[in-house]
$ cat run26.cif   # mmCIF, C-alpha atoms
data_my_file
loop_
_atom_site.group_PDB
_atom_site.id
_atom_site.type_symbol
_atom_site.label_atom_id
_atom_site.label_comp_id
_atom_site.auth_asym_id
_atom_site.auth_seq_id
_atom_site.Cartn_x
_atom_site.Cartn_y
_atom_site.Cartn_z
ATOM 1 C CA MET D 1 -42.735 -58.739 70.365
ATOM 2 C CA PHE D 2 -43.284 -62.452 69.805
ATOM 3 C CA SER D 3 -40.421 -64.430 68.338
ATOM 4 C CA PHE D 4 -40.009 -68.142 67.747
ATOM 5 C CA ASN D 5 -36.476 -69.306 68.513
ATOM 6 C CA GLN D 6 -34.641 -72.581 68.004
ATOM 7 C CA GLY D 7 -35.164 -73.475 71.685
ATOM 8 C CA ASP D 8 -38.898 -72.952 71.246
ATOM 9 C CA LEU D 9 -38.863 -75.405 68.349
ATOM 10 C CA TRP D 10 -37.057 -78.009 70.478
ATOM 11 C CA ALA D 11 -39.516 -77.473 73.338
ATOM 12 C CA LEU D 12 -42.447 -77.912 70.946
ATOM 13 C CA LEU D 13 -40.897 -81.049 69.443
ATOM 14 C CA THR D 14 -40.351 -82.435 72.945
ATOM 15 C CA ALA D 15 -43.954 -81.724 73.957
ATOM 16 C CA VAL D 16 -45.281 -83.438 70.825
ATOM 17 C CA SER D 17 -42.978 -86.419 71.419
ATOM 18 C CA VAL D 18 -44.082 -86.800 75.045
ATOM 19 C CA ALA D 19 -47.741 -86.535 74.026
ATOM 20 C CA GLY D 20 -47.166 -89.168 71.347
ATOM 21 C CA ALA D 21 -45.424 -91.454 73.823
ATOM 22 C CA LEU D 22 -48.326 -91.132 76.268
ATOM 23 C CA VAL D 23 -50.989 -91.840 73.658
ATOM 24 C CA PHE D 24 -48.909 -94.686 72.167
ATOM 25 C CA GLY D 25 -48.343 -96.099 75.647
ATOM 26 C CA GLU D 26 -52.010 -95.915 76.616
ATOM 27 C CA LYS D 27 -53.151 -97.645 73.415
ATOM 28 C CA SER D 28 -50.347 -100.223 73.434
ATOM 29 C CA LEU D 29 -50.923 -101.204 77.049
ATOM 30 C CA LYS D 30 -54.224 -102.754 75.987
ATOM 31 C CA ALA D 31 -52.295 -105.411 74.069
ATOM 32 C CA THR D 32 -49.042 -105.746 76.015
ATOM 33 C CA ASP D 33 -47.464 -105.045 79.397
ATOM 34 C CA ALA D 34 -45.735 -101.936 80.777
ATOM 35 C CA ILE D 35 -42.292 -103.566 80.804
ATOM 36 C CA THR D 36 -42.372 -104.308 77.063
ATOM 37 C CA ILE D 37 -43.541 -100.800 76.169
ATOM 38 C CA SER D 38 -40.919 -99.303 78.504
ATOM 39 C CA ALA D 39 -38.182 -101.414 76.899
ATOM 40 C CA ILE D 40 -39.213 -100.213 73.422
ATOM 41 C CA GLN D 41 -39.239 -96.586 74.584
ATOM 42 C CA THR D 42 -35.846 -97.000 76.264
ATOM 43 C CA PHE D 43 -34.358 -98.553 73.109
ATOM 44 C CA ILE D 44 -35.671 -95.735 70.914
ATOM 45 C CA THR D 45 -34.358 -93.151 73.383
ATOM 46 C CA ALA D 46 -30.935 -94.828 73.358
ATOM 47 C CA VAL D 47 -30.775 -94.912 69.552
ATOM 48 C CA ILE D 48 -31.774 -91.248 69.219
ATOM 49 C CA SER D 49 -29.382 -90.200 72.009
ATOM 50 C CA ILE D 50 -26.439 -92.083 70.528
ATOM 51 C CA ALA D 51 -27.169 -90.683 67.064
ATOM 52 C CA GLY D 52 -27.360 -87.175 68.502
ATOM 53 C CA ALA D 53 -24.100 -87.645 70.404
ATOM 54 C CA LEU D 54 -22.325 -88.936 67.301
ATOM 55 C CA LEU D 55 -23.634 -86.046 65.199
ATOM 56 C CA PHE D 56 -23.224 -83.144 67.594
ATOM 57 C CA ASP D 57 -20.577 -84.060 70.173
ATOM 58 C CA ASP D 58 -16.836 -84.529 70.045
ATOM 59 C CA ILE D 59 -16.589 -88.297 70.562
ATOM 60 C CA SER D 60 -12.802 -88.205 70.954
ATOM 61 C CA THR D 61 -13.328 -87.197 74.598
ATOM 62 C CA ILE D 62 -15.094 -90.468 75.471
ATOM 63 C CA THR D 63 -11.816 -92.160 76.378
ATOM 64 C CA LYS D 64 -11.058 -89.353 78.855
ATOM 65 C CA ILE D 65 -14.279 -89.779 80.846
ATOM 66 C CA GLN D 66 -13.642 -90.857 84.433
ATOM 67 C CA PRO D 67 -15.316 -94.002 85.867
ATOM 68 C CA GLU D 68 -17.241 -91.863 88.368
ATOM 69 C CA SER D 69 -18.805 -89.974 85.469
ATOM 70 C CA TRP D 70 -19.839 -93.220 83.779
ATOM 71 C CA ALA D 71 -21.452 -94.268 87.079
ATOM 72 C CA VAL D 72 -23.501 -91.059 87.034
ATOM 73 C CA VAL D 73 -24.513 -91.669 83.417
ATOM 74 C CA ILE D 74 -25.588 -95.237 84.235
ATOM 75 C CA TYR D 75 -27.510 -94.073 87.303
ATOM 76 C CA LEU D 76 -29.325 -91.387 85.285
ATOM 77 C CA ALA D 77 -30.063 -93.811 82.448
ATOM 78 C CA ILE D 78 -31.576 -96.359 84.818
ATOM 79 C CA THR D 79 -33.549 -94.008 87.058
ATOM 80 C CA CYS D 80 -34.446 -91.110 84.771
ATOM 81 C CA THR D 81 -35.112 -93.176 81.659
ATOM 82 C CA CYS D 82 -35.833 -96.846 82.383
ATOM 83 C CA LEU D 83 -37.587 -96.373 85.714
ATOM 84 C CA ALA D 84 -39.379 -93.219 84.579
ATOM 85 C CA TYR D 85 -40.753 -94.928 81.455
ATOM 86 C CA PHE D 86 -41.872 -97.925 83.489
ATOM 87 C CA LEU D 87 -43.626 -95.815 86.140
ATOM 88 C CA GLN D 88 -45.271 -93.707 83.434
ATOM 89 C CA ASN D 89 -46.545 -96.791 81.626
ATOM 90 C CA ALA D 90 -47.644 -98.441 84.847
ATOM 91 C CA ALA D 91 -49.641 -95.281 85.651
ATOM 92 C CA LEU D 92 -51.223 -95.405 82.195
ATOM 93 C CA LYS D 93 -52.783 -98.748 83.156
ATOM 94 C CA PHE D 94 -54.893 -96.894 85.736
ATOM 95 C CA LEU D 95 -55.001 -93.271 84.535
ATOM 96 C CA SER D 96 -55.786 -91.636 81.202
ATOM 97 C CA SER D 97 -52.973 -90.235 79.076
ATOM 98 C CA SER D 98 -54.454 -86.750 79.442
ATOM 99 C CA LEU D 99 -54.288 -86.954 83.254
ATOM 100 C CA VAL D 100 -50.735 -88.328 83.204
ATOM 101 C CA SER D 101 -49.792 -85.522 80.820
ATOM 102 C CA MET D 102 -51.241 -82.916 83.164
ATOM 103 C CA LEU D 103 -49.421 -84.438 86.121
ATOM 104 C CA GLN D 104 -46.169 -84.284 84.188
ATOM 105 C CA CYS D 105 -46.734 -80.547 83.742
ATOM 106 C CA THR D 106 -45.986 -80.186 87.453
ATOM 107 C CA GLN D 107 -42.354 -81.254 86.942
ATOM 108 C CA PRO D 108 -41.002 -77.671 86.726
ATOM 109 C CA ILE D 109 -42.842 -76.797 89.935
ATOM 110 C CA LEU D 110 -41.511 -79.866 91.751
ATOM 111 C CA THR D 111 -38.001 -79.108 90.469
ATOM 112 C CA ALA D 112 -38.245 -75.546 91.772
ATOM 113 C CA ALA D 113 -39.527 -76.799 95.137
ATOM 114 C CA ALA D 114 -36.702 -79.335 95.414
ATOM 115 C CA SER D 115 -34.174 -76.625 94.510
ATOM 116 C CA TYR D 116 -35.637 -74.378 97.187
ATOM 117 C CA PHE D 117 -35.449 -77.015 99.924
ATOM 118 C CA LEU D 118 -32.228 -78.787 98.915
ATOM 119 C CA LEU D 119 -30.158 -75.940 97.440
ATOM 120 C CA ASN D 120 -31.775 -72.915 99.105
ATOM 121 C CA GLU D 121 -32.542 -71.402 95.673
ATOM 122 C CA LYS D 122 -35.104 -68.626 95.430
ATOM 123 C CA LEU D 123 -37.917 -68.468 92.870
ATOM 124 C CA THR D 124 -38.347 -65.142 91.074
ATOM 125 C CA PHE D 125 -41.700 -63.450 90.645
ATOM 126 C CA THR D 126 -41.785 -64.652 87.038
ATOM 127 C CA GLY D 127 -41.061 -68.221 88.113
ATOM 128 C CA MET D 128 -43.702 -68.071 90.832
ATOM 129 C CA SER D 129 -46.203 -66.664 88.329
ATOM 130 C CA GLY D 130 -45.412 -69.533 85.961
ATOM 131 C CA ALA D 131 -46.003 -72.068 88.723
ATOM 132 C CA VAL D 132 -49.360 -70.493 89.548
ATOM 133 C CA ILE D 133 -50.364 -70.508 85.863
ATOM 134 C CA ILE D 134 -49.401 -74.183 85.484
ATOM 135 C CA LEU D 135 -51.363 -75.179 88.585
ATOM 136 C CA ALA D 136 -54.365 -73.056 87.547
ATOM 137 C CA CYS D 137 -54.411 -74.722 84.121
ATOM 138 C CA ILE D 138 -54.216 -78.215 85.620
ATOM 139 C CA ILE D 139 -56.977 -77.486 88.128
ATOM 140 C CA SER D 140 -59.227 -75.832 85.537
ATOM 141 C CA GLU D 141 -58.698 -78.691 83.083
ATOM 142 C CA ASN D 142 -59.757 -81.178 85.718
ATOM 143 C CA ILE D 143 -62.823 -79.107 86.609
ATOM 144 C CA LEU D 144 -63.810 -78.634 82.957
ATOM 145 C CA GLU D 145 -63.234 -82.321 82.158
ATOM 146 C CA LYS D 146 -65.751 -83.406 84.812
ATOM 147 C CA LYS D 147 -68.530 -81.219 83.385
#
$ encode --input "run26.cif" --output "structure tokens"
Amino acid sequence: MFSFNQGDLWALLTAVSVAGALVFGEKSLKATDAITISAIQTFITAVISIAGALLFDDISTITKIQPESWAVVIYLAITCTCLAYFLQNAALKFLSSSLVSMLQCTQPILTAAASYFLLNEKLTFTGMSGAVIILACIISENILEKK
């Protein structure tokens, strides 16, 4: 039986936010450069993340965080946020937001492949079926878009 859980709501909100960021980025890049748009997106992400941390996390543990952990946080912030936003916006200069969105749908598949090769993890039948469905949807969308 179908049920809509809290995680489903967060996933839907995330998908809508990413779609909005792609459309906003594509339209905004006509008037400004990818670095400016990426900086705005990074600032908004930082504000929302800090607000979420202050609301939902125990901030008294911040003083106990080891320097190595802060290095990981900084690395992830730079590569997974700043660099990712910049590369996404740079791609939007040459590709449509719908194509970039479809390419981003391959992230779970690439993550599973990296886990297989780097960590020797196995993909279940359900996971493999999901990967096939994602790829089939991307391929069919590209075929239908050209007609």
$ atom_distance --input "run26.cif" --atom1 "CA of Leu118 in chain D" --atom2 "CA of Leu83 in chain D"
22.6 Å
$ resolve_selection --input "run26.cif" --expression "the PyMOL selection byres ((chain D and resi 25) around 10)" --output "count of residues only"
24
$ closest_residue --input "run26.cif" --among "D:Leu54, D:Thr42, D:Ile59, D:Gln6" --to "Ala84 in chain D" --atoms "all atoms listed in the file"
D:Thr42
$ atom_distance --input "run26.cif" --atom1 "CA of Ile134 in chain D" --atom2 "CA of Phe4 in chain D"
21.0 Å
$ atom_distance --input "run26.cif" --atom1 "CA of Ile143 in chain D" --atom2 "CA of Phe86 in chain D"
28.3 Å
$ axis_aligned_box --input "run26.cif" --around "range 23-40 of chain D" --padding-each-side "3 Å" --output "AutoDock Vina command-line options"
--center_x -46.2 --center_y -98.8 --center_z 76.5 --size_x 22.0 --size_y 19.9 --size_z 14.6
$ residues_around --input "run26.cif" --residues "range 102-105 of chain D" --least-positions-apart "6" --cutoff "9 Å" --atoms "all atoms listed in the file" --output "list in words"
Ile134, Leu135, Cys137, Ile138 and Glu141 of chain D
$ resolve_selection --input "run26.cif" --expression "the PyMOL selection byres ((chain D and resi 109-115) around 9)" --output "ChimeraX atom specification"
/D:105-108,116-123,127-128,130-131,134-135
$ build_atoms --input "run26.cif" --residues "range 108-131 of chain D" --atoms "N, CA, C and O atoms" --output "PDB file, keeping the file's coordinate frame"
ATOM      1  N   PRO D 108     -41.775 -78.889  86.431  1.00  0.00           N
ATOM      2  CA  PRO D 108     -41.002 -77.671  86.726  1.00  0.00           C
ATOM      3  C   PRO D 108     -41.272 -77.135  88.135  1.00  0.00           C
ATOM      4  O   PRO D 108     -40.358 -76.624  88.796  1.00  0.00           O
ATOM      5  N   ILE D 109     -42.499 -77.274  88.601  1.00  0.00           N
ATOM      6  CA  ILE D 109     -42.842 -76.797  89.935  1.00  0.00           C
ATOM      7  C   ILE D 109     -42.147 -77.650  90.992  1.00  0.00           C
ATOM      8  O   ILE D 109     -41.573 -77.137  91.960  1.00  0.00           O
ATOM      9  N   LEU D 110     -42.173 -78.969  90.798  1.00  0.00           N
ATOM     10  CA  LEU D 110     -41.511 -79.866  91.751  1.00  0.00           C
ATOM     11  C   LEU D 110     -40.001 -79.659  91.746  1.00  0.00           C
ATOM     12  O   LEU D 110     -39.353 -79.726  92.790  1.00  0.00           O
ATOM     13  N   THR D 111     -39.431 -79.389  90.571  1.00  0.00           N
ATOM     14  CA  THR D 111     -38.001 -79.108  90.469  1.00  0.00           C
ATOM     15  C   THR D 111     -37.655 -77.836  91.236  1.00  0.00           C
ATOM     16  O   THR D 111     -36.661 -77.784  91.969  1.00  0.00           O
ATOM     17  N   ALA D 112     -38.478 -76.803  91.060  1.00  0.00           N
ATOM     18  CA  ALA D 112     -38.245 -75.546  91.772  1.00  0.00           C
ATOM     19  C   ALA D 112     -38.370 -75.746  93.283  1.00  0.00           C
ATOM     20  O   ALA D 112     -37.572 -75.198  94.059  1.00  0.00           O
ATOM     21  N   ALA D 113     -39.354 -76.532  93.709  1.00  0.00           N
ATOM     22  CA  ALA D 113     -39.527 -76.799  95.137  1.00  0.00           C
ATOM     23  C   ALA D 113     -38.331 -77.568  95.695  1.00  0.00           C
ATOM     24  O   ALA D 113     -37.819 -77.248  96.782  1.00  0.00           O
ATOM     25  N   ALA D 114     -37.874 -78.574  94.962  1.00  0.00           N
ATOM     26  CA  ALA D 114     -36.702 -79.335  95.414  1.00  0.00           C
ATOM     27  C   ALA D 114     -35.468 -78.433  95.475  1.00  0.00           C
ATOM     28  O   ALA D 114     -34.683 -78.529  96.425  1.00  0.00           O
ATOM     29  N   SER D 115     -35.309 -77.560  94.503  1.00  0.00           N
ATOM     30  CA  SER D 115     -34.174 -76.625  94.510  1.00  0.00           C
ATOM     31  C   SER D 115     -34.248 -75.680  95.693  1.00  0.00           C
ATOM     32  O   SER D 115     -33.232 -75.332  96.287  1.00  0.00           O
ATOM     33  N   TYR D 116     -35.454 -75.272  96.046  1.00  0.00           N
ATOM     34  CA  TYR D 116     -35.637 -74.378  97.187  1.00  0.00           C
ATOM     35  C   TYR D 116     -35.227 -75.073  98.488  1.00  0.00           C
ATOM     36  O   TYR D 116     -34.471 -74.532  99.286  1.00  0.00           O
ATOM     37  N   PHE D 117     -35.715 -76.307  98.671  1.00  0.00           N
ATOM     38  CA  PHE D 117     -35.449 -77.015  99.924  1.00  0.00           C
ATOM     39  C   PHE D 117     -34.035 -77.606  99.993  1.00  0.00           C
ATOM     40  O   PHE D 117     -33.413 -77.597 101.048  1.00  0.00           O
ATOM     41  N   LEU D 118     -33.535 -78.124  98.890  1.00  0.00           N
ATOM     42  CA  LEU D 118     -32.228 -78.787  98.915  1.00  0.00           C
ATOM     43  C   LEU D 118     -31.057 -77.835  98.689  1.00  0.00           C
ATOM     44  O   LEU D 118     -29.981 -78.026  99.249  1.00  0.00           O
ATOM     45  N   LEU D 119     -31.263 -76.824  97.820  1.00  0.00           N
ATOM     46  CA  LEU D 119     -30.158 -75.940  97.440  1.00  0.00           C
ATOM     47  C   LEU D 119     -30.349 -74.501  97.901  1.00  0.00           C
ATOM     48  O   LEU D 119     -29.532 -73.636  97.590  1.00  0.00           O
ATOM     49  N   ASN D 120     -31.455 -74.256  98.603  1.00  0.00           N
ATOM     50  CA  ASN D 120     -31.775 -72.915  99.105  1.00  0.00           C
ATOM     51  C   ASN D 120     -31.890 -71.885  97.972  1.00  0.00           C
ATOM     52  O   ASN D 120     -31.535 -70.720  98.155  1.00  0.00           O
ATOM     53  N   GLU D 121     -32.338 -72.321  96.791  1.00  0.00           N
ATOM     54  CA  GLU D 121     -32.542 -71.402  95.673  1.00  0.00           C
ATOM     55  C   GLU D 121     -33.855 -70.656  95.855  1.00  0.00           C
ATOM     56  O   GLU D 121     -34.796 -71.165  96.451  1.00  0.00           O
ATOM     57  N   LYS D 122     -33.903 -69.451  95.331  1.00  0.00           N
ATOM     58  CA  LYS D 122     -35.104 -68.626  95.430  1.00  0.00           C
ATOM     59  C   LYS D 122     -35.795 -68.580  94.067  1.00  0.00           C
ATOM     60  O   LYS D 122     -35.138 -68.549  93.027  1.00  0.00           O
ATOM     61  N   LEU D 123     -37.125 -68.558  94.091  1.00  0.00           N
ATOM     62  CA  LEU D 123     -37.917 -68.468  92.870  1.00  0.00           C
ATOM     63  C   LEU D 123     -38.274 -67.010  92.628  1.00  0.00           C
ATOM     64  O   LEU D 123     -38.752 -66.326  93.534  1.00  0.00           O
ATOM     65  N   THR D 124     -38.035 -66.530  91.415  1.00  0.00           N
ATOM     66  CA  THR D 124     -38.347 -65.142  91.074  1.00  0.00           C
ATOM     67  C   THR D 124     -39.859 -64.968  90.943  1.00  0.00           C
ATOM     68  O   THR D 124     -40.617 -65.948  90.908  1.00  0.00           O
ATOM     69  N   PHE D 125     -40.278 -63.737  90.834  1.00  0.00           N
ATOM     70  CA  PHE D 125     -41.700 -63.450  90.645  1.00  0.00           C
ATOM     71  C   PHE D 125     -42.203 -64.102  89.356  1.00  0.00           C
ATOM     72  O   PHE D 125     -43.289 -64.679  89.327  1.00  0.00           O
ATOM     73  N   THR D 126     -41.398 -64.037  88.309  1.00  0.00           N
ATOM     74  CA  THR D 126     -41.785 -64.652  87.038  1.00  0.00           C
ATOM     75  C   THR D 126     -41.929 -66.160  87.192  1.00  0.00           C
ATOM     76  O   THR D 126     -42.881 -66.758  86.694  1.00  0.00           O
ATOM     77  N   GLY D 127     -40.986 -66.782  87.878  1.00  0.00           N
ATOM     78  CA  GLY D 127     -41.061 -68.221  88.113  1.00  0.00           C
ATOM     79  C   GLY D 127     -42.257 -68.610  88.954  1.00  0.00           C
ATOM     80  O   GLY D 127     -42.944 -69.598  88.673  1.00  0.00           O
ATOM     81  N   MET D 128     -42.535 -67.817  89.979  1.00  0.00           N
ATOM     82  CA  MET D 128     -43.702 -68.071  90.832  1.00  0.00           C
ATOM     83  C   MET D 128     -44.992 -67.895  90.028  1.00  0.00           C
ATOM     84  O   MET D 128     -45.927 -68.692  90.164  1.00  0.00           O
ATOM     85  N   SER D 129     -45.028 -66.886  89.185  1.00  0.00           N
ATOM     86  CA  SER D 129     -46.203 -66.664  88.329  1.00  0.00           C
ATOM     87  C   SER D 129     -46.412 -67.847  87.390  1.00  0.00           C
ATOM     88  O   SER D 129     -47.543 -68.290  87.178  1.00  0.00           O
ATOM     89  N   GLY D 130     -45.322 -68.367  86.828  1.00  0.00           N
ATOM     90  CA  GLY D 130     -45.412 -69.533  85.961  1.00  0.00           C
ATOM     91  C   GLY D 130     -45.954 -70.748  86.689  1.00  0.00           C
ATOM     92  O   GLY D 130     -46.781 -71.495  86.156  1.00  0.00           O
ATOM     93  N   ALA D 131     -45.510 -70.947  87.921  1.00  0.00           N
ATOM     94  CA  ALA D 131     -46.003 -72.068  88.723  1.00  0.00           C
ATOM     95  C   ALA D 131     -47.492 -71.935  88.980  1.00  0.00           C
ATOM     96  O   ALA D 131     -48.243 -72.916  88.877  1.00  0.00           O
TER      97      ALA D 131
END
